[in-house]
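Enquirer: The structure is given below, and queries will be raised subsequently.
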Amino acid sequence: MSSLLLMRDIDEPGLADIAVYERRGGYKSLRKALAMTSDAVLAELDASGLRGRGGAGFPAGRKASFLPKGDMDKYLVCNADESEPGTFKDRELMQKSPHMLIEGIVIAAHAAGVNHAFIYIRGEYEEQAKILDLAIAQARANGYIGERILGSGVSLSLVLHRGAGAYICGEETGLLDSLEGKRGNPRLKPPFPAIEGLYGGPTLINNVETLATMPHIIEMGGAKYAKLGVSGSSGTKVVSVSGHVTRPGNYEIDLGIPSREIIYDLAGGPPAGRQVKLWFPGGSSAPVLTAEDLDVPYDFDSLAKAGSMLGSGAIIVVDDSTPVLDVALKLAKFYRHESCGKCTPCREGTNWTVRMLERIDGGEATPMDLDIMASVQDHIIGNCLCVLGDAMAMPIGSMIVKFRDEFEAHLQSRQLAGAI
Amino acid sequence: MSPAPSPSKGNWTPGDDQIAVQRAPEPGGAGGAYRAFGETLRGLKTTFARVVEGVNTIQYPEEKVAVYPRFRGRHKLHRFEESGLEKCVGCSLCAAACPADCIRVVAAENTPEMRVSAGERYAAVYEINLSRCIFCGYCEVACPFDAITMGHDYELSDYNRSDLIFTKEMLLAEPLEATPLRAQGE
Amino acid sequence: MPRPHQNLITFSVDGREVQAPENMMLADAAKLGDVEIPVFCYEPKLGHPVGACRMCLVEIEGIPKLQTACSTAVKDGMVVHTQSERARVAQQAVVEFLLINHPLDCPVCDKGGECPLQDITFGWGGGKSRFIEPKRHFRKPLELSPLIAIDRERCILCYRCVRYSQEVAEDYQLVLLERGENTFVGTFDGHPYVAPFSGNIIELCPVGALTSRPYRFRARPWDIEGSGSLCTLCPAQCNVTFTVRDDRVLRVLARDHHEVDDGWLCDKGRFAYQAVHVDERITAPMIRDGGELRTVSWERALAEATSGLRRAGAKTAALAGGGATNEEGLLLGRLLRDVLGSPHLDSRSGGAVSLADWRALSDPALAATVSDLEFANAVLVLDCEPVDDAPILELRIRKGVRRNGVALLLASARPSALDPSATETLRFAPGRGAELAWALAAALQDGAVDAPAAAAGASAEEVRKLARALREAGEEIVILYGEQLLDGDAGGLLALADALGIAEIEGAGLIGIPEAANGRGLREAGVLPNGGPGFSAPPLGDGLDAAAIAAKLGDGELSALYLLGVDPLRSFPDAGAWEQALEHATTVIAHAAFLTPGVREHATVIFPAESSAEKEGTVTHPDGRVQRLRPAIGHPGDVRAEWRTLSELARLLGGAAGPATAAGVSAELFASVGLYNGLELEELAGHGVRWPARAPAVARSGEAAAKPKLRRAAQAKGGRLLLGSYRSIWAGPEVEASPALRFLAPRQRVELSPRDAAKLGVLHGEEVLVSDDQGELRATVVLRDSTPSGTAFLERDLARDGANRLRGPLVEVRTAPSGNGDVETLLGEEELTHA
Amino acid sequence: MSPSNGGGAGFEYNQELGGRAIPRSRDGSRSPGWDDPVDLDKDPAAVPDPALIDVPPELRREFEEIIGRYPERHSAALPVLAAAQRHHGWCSPQAILQAASVMRVTPGYLTSVATFYDMFELAPSGRHQVYVCTNISCSLRGADELYAALEAAVDGDPDINVRHFECLGACDIAPMVSVDQVYYGPLQTSDAERLVADLRAEREPLPELALALRPNADAALEEDEAAK
């Protein structure tokens with residue numbers, strides 16, 4: 001039912017070793033790409049219609065083409081700071097098939113004319129960092145990284161940089177600041193990283209999965225890749241399903257299949273006797289959907305139309321055993337903890353939201369507080385420096401709208417409990 | 001042209017091009033006598049009605065005039081009742097509000113050894129030049145801590161103008177003699 | 001580095017058509033149309049906007065999201081709404097968010113009444129908060145340093161102070177700690193934030209989170225008046241506003257002048273005002289009576305001074321320094337030359353420079369402005385340490401390097417605070433700046449470098465490297481030099497300027513930092529042994545320079561010394577010679593604010609000196625800007641204007657009666673100093689006037705460049721080290737007298753390289769004795785990795801144990817016998833009561 | 001920041017306002033320092049002079065190797081701090097001074113960076129780091145109970161530092177823990193005791209639950225289906 005690209009060989013024993021990877025056809029795409037001009041590679045990527053797999057879903061080919069041409073220090077940064085709750089696809093890819101990522105990085109670097117690349121991996125992924133370190137050393141030894149790769153005119157240095165535990169470093173400009181050795185505070189945009197990024201140079205930032213897909217695009221050709229999936233959301237996508245499902249894990253799907261198929265057929269649906277109450281289609285930052293939305297096709301545009309987003313492709317399922325208030329409080333606390341504190345609405349808004357939710361939980365609130373809370377979310381959305389504030393405000397705002405009755409019932413029951 | 005409406009009709013509206021003249025009543029007659037003496041008699045009625053009430057002279061200064069509760073007399077500074085700390089934190093808002101510019105505040109910082117007020121700062125100097133004060137009460141309104149209020153004392157004369165600069169100690173102290181207050185409905 | 005070129009465009013804000021320079025940020029451009037956009041974090045002086053506070057959200061037609069006005073550059077035809085419904089809701093929301101954790105303690109907050117947060121809350125807030133949860137409360141106030149209090153409850157995390165520390169002062173001491181709502185401003189491991197420019201964060205803070213400890217609770221904005229004047233504690237002559245209440249200076253604020261200080265102040269300038277109102281200050285005339293100083297009336301003091309000067313007549317010498325104004329310099333020159341007939345006066349401690357060289361150095365064609373430092377291709381810092389010698393210029397150099405990519409080239413004897421920012425650094429032997437200039441000039445002209453480089457104690461290879469860097473940097477080169485290098489020989493510097501073709505290039509030039517705050521002005525007013533007002537030939541021929549004055553006083557060939565705001569025993573080299581000189585002088589008349597050792601021990605008449613907050617007159621900035629000092633407060637006690645005293649003395653001694661007002665003296669100054677001809681006091685108000693900007697360039701006669709006078713550089717040998725000295729930013733009696741700054745008053749420390757220390761067997765922090773055949777002093781060892789081996793650096797201008805006690809060039813460093821840990825009062829042991 | 005530590009002068013003032021204590025923020029998981037003044041006896045913390053800081057040679061070599069990887073030395077801040085933490089057990093002031101001296105930055109800069117990130121320990125910490133993910137996916141599957149069980153099992157042992165952590169990116173093995181940076185899961189509450197016992201005995205904890213052993217869910221599903 002789905003074409004396996006990224007996950008085809010994923011459980012091949014020893015795939016992390018370059019010999020096995022090469023035996024399974026690895027680095028062939030790189031050779032092919034190096035034989036092409038960088039514009040031709042760019043054209044293939046463009047033709048594939050590949051949209052970024054990190055969360056924003058921006059066309060990857062277009063993004064790479066934004067980098068100015070010319071002889072200057074340009075950078076490529078692979079965003080491996082996978083911190084969005086519910087997302088764990090990049091971890092599995094890096095752990096099991098690090099060379100696929102490296103191959104993708106070299107291809108992307110060639111396409112964008114970059115010669116310094118960094119992989120920014122979150123600090124908690126130590127096992128994966130070790131595997132990548134080894135893989136990079138092997139790739140370097142085999143001439144896939146370094147000066148004049150495989151005899152071509154392309155040179156690339158690749159450094160693995162480990163983070164140290166901050167969700168905000170997954171935001172591309174926060175990541176750049178962190179990579180520059182600063183606090184991971186997001187920067188003001190514009191200027192966009194493609195013009196002024198790492199060390200002030202043009203910088204291309206891509207997610208692990210996006211980069212890991214590139215060898216496959218080169219291998220099969222952009223046009224053929226574009227036929228996978230549906231129009232506007234081409235290709236396959238690794239979906240991380242977690243929460244109240246019987247078989248949580250990563251599933252590679254063709255974009256556009258019904259969401260129900262992923263949650264029920266692949267991940268096994270909620271435990272017996274329970275019903276899906278709400279689900280996050282794209283990580284914890286996506287506005288929540290309910291059981292009514294289960295038949296929405298799982299692709300960028302359909303989910304946007306349904307009022308949410310595909311995000312990083314992480315489905316979190318919550319069944320009817322869990323009160324929505326618990327979910328909201330958990331999320332709000334997470335975003336408060338991870339807010340970098342740079343801009344006012346996010347720093348103070350996340351804090352205020354947590355305090356209000358705690359008050360609601362403690363039975364010290366009135367339905368008017370729900371209105372205030374909704375209004376606070378409105379005031380956060382669109383007014384922040386980066387999207388972290390929105391990432392809390394959107395799901396919480398959607399919960400207040402969709403589960404207002406439950407919030408009010410909760411309020412009442414807590415007030416009653418308090419009265420007794 | 002329509003005739004001018006009679007003044008007695010009440011809706012007296014001269015036309016655009018007319019000047020109306022209102023005339024006094026004719027002199028003389030009973031009406032004239034009433035008009036001449038009526039108001040005087042009415043005044044005398046009040047006078048004679050008070051005669052029976054007896055003497056109403058207040059023997060000031062032996063006797064003080066009682067004032068209304070909202071009378072604005074000399075200012076008072078206040079302390080917290082429990083702790084005895086001054087309420088004034090020396091914020092100078094009274095001085096800013098004062099239209100006569102008669103308040104001077106110099107603030108200082110409380111230390112653990114010397115705690116004067118409840119906040120971080122206190123008024124090291126608080127002076128009101130009562131010879132300039134116009135008793136408008138703006139200082140009282142401006143005070144965020146209810147530290148200054150307008151008292152009831154009105155006996156503010158002295159031989160020396162500089163003696164009318166009241167210091168913080170004077171403003172904090174209770175007056176020697178309390179000014180009597182008018183009772184309800186008095 | 002080309003200066004920004006401005007292109008006017010038209011845009012619309014709130015329905016008004018406004019013209020603004022292209023790419024100006026909207027928050028600034030809107031002001032041109034009288035529309036205010038509220039900001040907290042935005043401050044153009046701090047570098048790129050960060051868009052953190054989100055206060056300035058406005059609606060721009062054609063852009064779906066609200067934009068921050070602080071980071072959006074205006075474009076032609078842009079239509080902006082700052083008061084649309086969406087913008088207003090967003091602004092109110094941000095105010096509401098900011099006030100969530102901001103305490104409402106405005107009545108006790110020092111910022112109350114001049115607080116941007118108050119103003120913006122009133123102007124753009126919604127008027128109510130829906131936040132009913134308890135606010136955060138923390139201990140307050142806390143010290144951030146002895147000078148600054150921090151109140152973390154009030155902090156709105158606008159980043160200004162932290163960005164200042166990182167991007168302007170570049171000391172990187174003040175940082176944000178923790179993350180998110182727990183973020184707070186702090187330092188490493190509870191270390192205080194003490195830095196030369198730390199006080200600027202007080203002015204930057206848009207709320208009451210950072211407040212001045214000395215100003216704490218002293219006054220509210222409606223109690224005070226601001227009085228614009230200048231700081232004359234160092235040659236940088238920053239423009240300041242004195243905050244005055246009840247005729248006392250309570251605070252000093254920066255008065256932004258782009259061509260002088262760029263709106264910053266150093267901590268000395270900001271806090272030393274306290275010295276105006278301390279008990280140690282001399283506020284009445286004194287005479288020495290039976291060996292003891294005694295307060296007397298002015299008549300008595302003037303009579304004493306008159307008789308002393310009359311006795312000495314032409315055997316009088318004079319020194320001027322400190323914050324003495326141009327007018328005072330002029331009057332001092334007249335008193336000496338016209339009335340007493342003595343040509344011996346000086347305002348410098350180094351060897352005299354020929355009058356021709358002075359004229360050449362003040363040629364407008366060679367002059368650079370302060371802002372040239374910011375836009376030059378390269379700045380060569382030659383034999384000076386900007387942070388100590390003219391602190392505010394250091395910030396300007398850093399700005400140029402950071403923002404405009406100016407290449408910074410450093411040549412100094414002592415490692416500089418600017419070393420990490422420099423593209424090229426060169427070390428030479430202490431006191432050999434003149435030789436180094438010759439060496440550089442030779443290297444630039446491909447001449448013989450070896451001999452001058454050896455004389456300068458520098459490696460010829462490094463000199464060539466520096467010359468290469470200078471040549472490659474580009475045309476516009478500004479040389480910032482310490483005037484100490486003009487030790488009798490300005491030829492090297494002029495040759496260097498010629499080699500670089502500075503006179504012909506717009507944007508290139510020299511800026512010399514004099515020793516005294518108004519060194520340049522005094523010189524131009526004629527306080528030179530070999531030059532009259534405006535570098536005219538001195539009427540009585542050449543007099544003696546400072547060192548010769550000391551010698552002749554010691555010999556008894558001179559008998560009286562007039563000290564205008566200077567204590568040679570403290571701040572001139574060779575204290576031993578001066579001790580002799582002062583001992584032998586029969587009359588020593590001093591204008592002094594404090595009883596520094598030379599004044600305390602030797603003055604026969606003391607006139608109380610004015611502080612810069614009381615002075616009236618003009619001073620001249622190192623770049624030639626004549627600026628005006630205006631009195632902020634009246635004279636305390638019996639202090640009188642110094643120009644008046646000088647006039648009065650001249651009159652009493654039979655000279656002409658001078659003008660009766662300060663303005664009159666200024667007019668005479670402008671008339672008699674050729675360089676200042678045509679200046680008017682009125683036009684100096686505000687920003688001053690650079691006389692070189694209106695004077696024609698003097699084509700220098702094609703006289704052959706002078707021959708270098710090379711002195712041999714001494715070498716460290718036999719365990720003895722080469723002596724270098726420097727004057728710290730914190731040196732000076734004002735620092736010692738200010739209660740708030742006193743903790744910074746330096747005590748002698750000897751800087752050694754770790755190699756030498758290991759050889760000598762001394763440790764960091766150890767007490768040592770430093771001695772030569774002249775004298776001995778106590779110092780604490782400070783190890784610095786960057787100190788050149790074989791050199792020991794000591795501080796000058798200290799209350800005691802100053803480096804001028806030693807003559808060098810070689811000194812011995814040895815462990816001090818323990819036990820002598822006496823604590824001195826900084827101005828001296830004696831306490832004087834003023835009648 | 002706990003309600004009890006209001007020993008400061010400001011707090012006392014407030015208490016005297018009518019004699020009632022001002023309620024304080026109840027939350028604030030890691031905000032030490034808010035109430036701390038500076039120590040005025042200390043010197044300002046400028047870039048440490050190499051002459052005054054001793055850096056162990058092997059640590060200096062590691063720092064220099066890390067700094068050499070990057071075009072700009074500041075970039076090395078995170079890995080250098082991580083190395084210093086590995087060496088000293090936590091980012092002690094001394095560790096930060098050593099790192100600052102080699103990196104030629106101020107210790108304040110490094111402290112600022114270190115406090116931003118969750119994985120740097122700014123206080124002495126145990127030898128074993130146990131991170132329990134308590135974010136949404138894990139807590140839906142019982143992470144909060146697991147965390148409580150682990151806390152109980154550790155019982156204040158200073159050697160084992162149990163922290164709850166935001167999403168560790170392993171929601172497929174929820175609820176999970178990261179023990180010294182190695183992932184294990186899914187855990188039952190009952191595994192807590194065994195995990196702690198293994199750690200105390202310096203054994204690999206719960207080896208059969210290591211993430212590295214886990215096959216891809218998609219592939220596993222196909223195998224399952226094939227088996228059917």
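How things are named: the first chain in the structure tokens is A, the next is B, and so on; residues count from 1 in each chain; ligands count from 1 in the order shown.
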Output as a list of chain:residue names all residues of segment 194-305 of chain A that backbone DSSP marks as alpha helix (DSSP H).
Expert: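 Matching residues, listed in order: A:Val208, A:Glu209, A:Thr210, A:Leu211, A:Ala212, A:Thr213, A:Met214, A:Pro215, A:His216, A:Ile217, A:Ile218, A:Glu219, A:Met220, A:Gly222, A:Ala223, A:Lys224, A:Tyr225, A:Ala226, A:Lys227, A:Ser259, A:Arg260, A:Phe300, A:Asp301, A:Ser302, A:Leu303, A:Ala304, A:Lys305.
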Enquirer: Determine, using only C-alpha atoms, which residues of chain A have any atom at most 6 Å from an atom of chain D, and tabulate each with its shortest atom pair and distance in Å to one decimal place, rows ordered by chain and then rising number, as a tab-separated table.
Expert:
residue	atom	partner	partner_atom	distance
A:Pro85	CA	D:Cys167	CA	5.2
A:Gly86	CA	D:Cys171	CA	5.8
A:Thr87	CA	D:Gly169	CA	5.9
A:Phe88	CA	D:Gly169	CA	4.7
A:Glu126	CA	D:Gln181	CA	5.8
A:Ala164	CA	D:Met119	CA	5.2
A:Gly165	CA	D:Asp118	CA	4.8
A:Ala166	CA	D:Tyr117	CA	5.5
A:Leu179	CA	D:Ser75	CA	5.7
A:Glu180	CA	D:Ser75	CA	4.2
A:Gly181	CA	D:Ser75	CA	4.0
A:Lys182	CA	D:Val113	CA	5.9
A:Arg183	CA	D:Val113	CA	5.0
A:Ser242	CA	D:Cys171	CA	5.7
A:Gly243	CA	D:Ser137	CA	4.7
A:Pro248	CA	D:Asp172	CA	4.8
A:Gly249	CA	D:Asp172	CA	4.7
A:Asn250	CA	D:Ala217	CA	5.8
A:Tyr251	CA	D:Asp218	CA	5.1
Enquirer: Please produce a file of those selected residues containing C-alpha atoms, as a short mmCIF file (atom, residue, chain, number, x, y, z; two decimals), in the first residue's frame.
Expert:
data_model
loop_
_atom_site.label_atom_id
_atom_site.label_comp_id
_atom_site.auth_asym_id
_atom_site.auth_seq_id
_atom_site.Cartn_x
_atom_site.Cartn_y
_atom_site.Cartn_z
CA PRO A 85 6.80 16.07 21.25
CA GLY A 86 5.57 13.04 19.39
CA THR A 87 8.31 13.11 16.75
CA PHE A 88 10.97 10.44 16.59
CA GLU A 126 24.04 10.55 22.29
CA ALA A 164 22.37 20.37 24.97
CA GLY A 165 18.68 20.22 25.59
CA ALA A 166 16.56 23.05 24.33
CA LEU A 179 25.47 26.50 16.61
CA GLU A 180 27.33 29.78 16.91
CA GLY A 181 27.78 28.96 20.57
CA LYS A 182 25.19 31.33 21.94
CA ARG A 183 21.96 30.88 23.79
CA SER A 242 2.41 7.66 19.51
CA GLY A 243 0.13 8.06 22.47
CA PRO A 248 3.36 3.21 18.33
CA GLY A 249 6.20 3.70 15.92
CA ASN A 250 7.41 5.15 12.64
CA TYR A 251 5.47 4.31 9.51
#
Enquirer: Show me, as a VMD selection string, the residues of chain A whose atoms get within 6 Å of chain C, using only C-alpha atoms for the distance check.
Expert: chain A and resid 339 to 344 347 to 348
Enquirer: Chain C near chain D within 10 Å: what's each residue's closest atom pair and its distance in Å to one decimal, counting only C-alpha atoms, ordered by chain then ascending residue number, as CSV?
Expert:
residue,atom,partner,partner_atom,distance
C:Glu133,CA,D:Ser25,CA,8.9
C:Pro134,CA,D:Pro23,CA,6.4
C:Lys135,CA,D:Ser25,CA,6.7
C:Arg136,CA,D:Ser25,CA,5.3
C:His137,CA,D:Arg24,CA,6.0
C:Phe138,CA,D:Asp35,CA,5.8
C:Arg139,CA,D:Gly10,CA,4.9
C:Lys140,CA,D:Gly10,CA,5.0
C:Pro141,CA,D:Gly10,CA,7.1
C:Leu142,CA,D:Pro37,CA,5.0
C:Glu143,CA,D:Pro37,CA,5.5
C:Leu144,CA,D:Val38,CA,5.8
C:Ser145,CA,D:Leu40,CA,6.5
C:Pro146,CA,D:Leu40,CA,6.9
C:Ala149,CA,D:Pro37,CA,9.3
C:Ile150,CA,D:Pro37,CA,8.5
C:Asp151,CA,D:Asp35,CA,9.6
C:Arg152,CA,D:Trp34,CA,7.1
C:Glu153,CA,D:Trp34,CA,9.0
C:Gln166,CA,D:Tyr109,CA,9.1
C:Asp171,CA,D:Ala46,CA,6.8
C:Tyr172,CA,D:Thr106,CA,6.2
C:Gln173,CA,D:Gly108,CA,5.4
C:Leu174,CA,D:Gly108,CA,6.9
C:Val175,CA,D:Ser112,CA,5.9
C:Leu176,CA,D:Ser112,CA,5.6
C:Leu177,CA,D:Ser112,CA,4.8
C:Glu178,CA,D:Thr115,CA,4.6
C:Arg179,CA,D:Phe116,CA,5.1
C:Gly180,CA,D:Phe116,CA,8.6
C:Glu181,CA,D:Gly28,CA,8.6
C:Asn182,CA,D:Ser31,CA,5.6
C:Thr183,CA,D:Ser31,CA,8.0
C:Phe184,CA,D:Trp34,CA,6.8
C:Val185,CA,D:Trp34,CA,8.7
C:Gly186,CA,D:Gly33,CA,8.3
C:Thr187,CA,D:Gly108,CA,5.7
C:Phe188,CA,D:Gly108,CA,4.4
C:Asp189,CA,D:Pro93,CA,6.6
C:Gly190,CA,D:Val38,CA,4.3
C:His191,CA,D:Pro44,CA,5.6
C:Pro192,CA,D:Val38,CA,5.4
C:Tyr193,CA,D:Pro44,CA,5.8
C:Val194,CA,D:Pro44,CA,5.4
C:Ala195,CA,D:Pro44,CA,7.4
C:Pro420,CA,D:Arg104,CA,9.1
C:Ser753,CA,D:Ala51,CA,8.2
C:Pro754,CA,D:Ala51,CA,6.2
C:Arg755,CA,D:Ala51,CA,9.4
C:His764,CA,D:Leu52,CA,7.8
C:Val782,CA,D:Leu52,CA,9.4
C:Leu783,CA,D:Ala51,CA,6.3
C:Arg784,CA,D:Ala51,CA,5.9
C:Asp785,CA,D:Ala51,CA,5.0
C:Ser786,CA,D:Asp49,CA,8.5
Enquirer: Give one line per residue of chain C that approaches chain B to at most 8 Å, naming the two atoms of the closest pair and their distance in Å to one decimal, counting only C-alpha atoms; sort by chain then ascending residue number and deliver it as CSV.
Expert:
residue,atom,partner,partner_atom,distance
C:Pro107,CA,B:Cys91,CA,5.0
C:Val108,CA,B:Cys91,CA,5.7
C:Arg216,CA,B:Glu109,CA,7.7
C:Phe217,CA,B:Ala107,CA,5.4
C:Arg218,CA,B:Ala107,CA,6.0
C:Ala219,CA,B:Val106,CA,6.7
C:Arg220,CA,B:Ser92,CA,6.8
C:Trp222,CA,B:Ala96,CA,6.4
Enquirer: Could you pull out the strand (DSSP E) residues of segment 19-178 of chain B from DSSP and send them as a tab-separated table (two decimals) with N, CA and C atoms, in the first residue's frame?
Expert:
chain	number	residue	atom	x	y	z
B	75	HIS	N	-2.20	69.45	57.70
B	75	HIS	CA	-1.96	68.07	57.29
B	75	HIS	C	-1.49	67.22	58.45
B	76	LYS	N	-1.72	65.94	58.29
B	76	LYS	CA	-1.19	64.97	59.25
B	76	LYS	C	-0.47	63.88	58.47
B	77	LEU	N	0.60	63.38	59.04
B	77	LEU	CA	1.23	62.18	58.49
B	77	LEU	C	0.87	61.02	59.41
B	103	ILE	N	5.60	71.67	49.39
B	103	ILE	CA	6.04	70.43	50.06
B	103	ILE	C	7.44	70.08	49.57
B	104	ARG	N	8.28	69.70	50.47
B	104	ARG	CA	9.63	69.27	50.09
B	104	ARG	C	9.88	67.92	50.73
B	105	VAL	N	10.27	66.97	49.91
B	105	VAL	CA	10.54	65.62	50.40
B	105	VAL	C	11.94	65.21	49.98
B	106	VAL	N	12.71	64.72	50.91
B	106	VAL	CA	13.99	64.11	50.56
B	106	VAL	C	13.93	62.69	51.10
B	107	ALA	N	14.08	61.76	50.20
B	107	ALA	CA	13.90	60.37	50.60
B	107	ALA	C	15.25	59.75	50.97
B	108	ALA	N	15.18	58.63	51.63
B	108	ALA	CA	16.39	57.87	51.96
B	108	ALA	C	15.98	56.41	52.02
B	109	GLU	N	16.98	55.57	52.13
B	109	GLU	CA	16.71	54.14	52.07
B	109	GLU	C	16.65	53.54	53.48
B	121	ARG	N	11.93	52.79	50.79
B	121	ARG	CA	12.42	54.12	51.06
B	121	ARG	C	11.54	54.82	52.08
B	122	TYR	N	12.05	55.84	52.67
B	122	TYR	CA	11.24	56.62	53.59
B	122	TYR	C	11.60	58.09	53.39
B	123	ALA	N	10.81	58.93	53.98
B	123	ALA	CA	11.07	60.35	53.84
B	123	ALA	C	12.02	60.76	54.95
B	124	ALA	N	13.23	61.09	54.57
B	124	ALA	CA	14.18	61.57	55.57
B	124	ALA	C	13.82	63.01	55.94
B	125	VAL	N	13.39	63.76	54.97
B	125	VAL	CA	12.91	65.12	55.22
B	125	VAL	C	11.52	65.22	54.64
B	126	TYR	N	10.60	65.72	55.42
B	126	TYR	CA	9.26	65.98	54.89
B	126	TYR	C	8.82	67.30	55.45
B	127	GLU	N	8.73	68.28	54.62
B	127	GLU	CA	8.39	69.62	55.11
B	127	GLU	C	7.24	70.20	54.31
B	128	ILE	N	6.34	70.83	55.02
B	128	ILE	CA	5.29	71.58	54.33
B	128	ILE	C	5.38	73.03	54.80
B	129	ASN	N	5.48	73.91	53.87
B	129	ASN	CA	5.50	75.32	54.21
B	129	ASN	C	4.05	75.79	54.28
B	148	ILE	N	-0.60	60.84	54.01
B	148	ILE	CA	-0.89	62.22	54.39
B	148	ILE	C	-2.38	62.47	54.24
B	149	THR	N	-2.95	63.07	55.23
B	149	THR	CA	-4.35	63.46	55.12
B	149	THR	C	-4.47	64.89	55.63
B	150	MET	N	-5.55	65.54	55.23
B	150	MET	CA	-5.78	66.88	55.72
B	150	MET	C	-6.47	66.74	57.07
B	165	ILE	N	7.09	76.39	58.57
B	165	ILE	CA	7.53	75.22	57.82
B	165	ILE	C	7.45	74.04	58.77
B	166	PHE	N	6.48	73.21	58.54
B	166	PHE	CA	6.26	72.08	59.44
B	166	PHE	C	7.13	70.91	59.02
Enquirer: Mind checking which residues fall within 10 Å of Ala393 of chain A, counting only C-alpha atoms, ignoring those fewer than 2 positions away in the same chain, and posting them as JSON, numbers by chain?
Expert: {"A": [285, 286, 287, 331, 332, 335, 346, 349, 350, 353, 373, 374, 375, 376, 377, 378, 379, 380, 381, 382, 387, 388, 389, 390, 391, 395, 396, 397, 398, 399]}
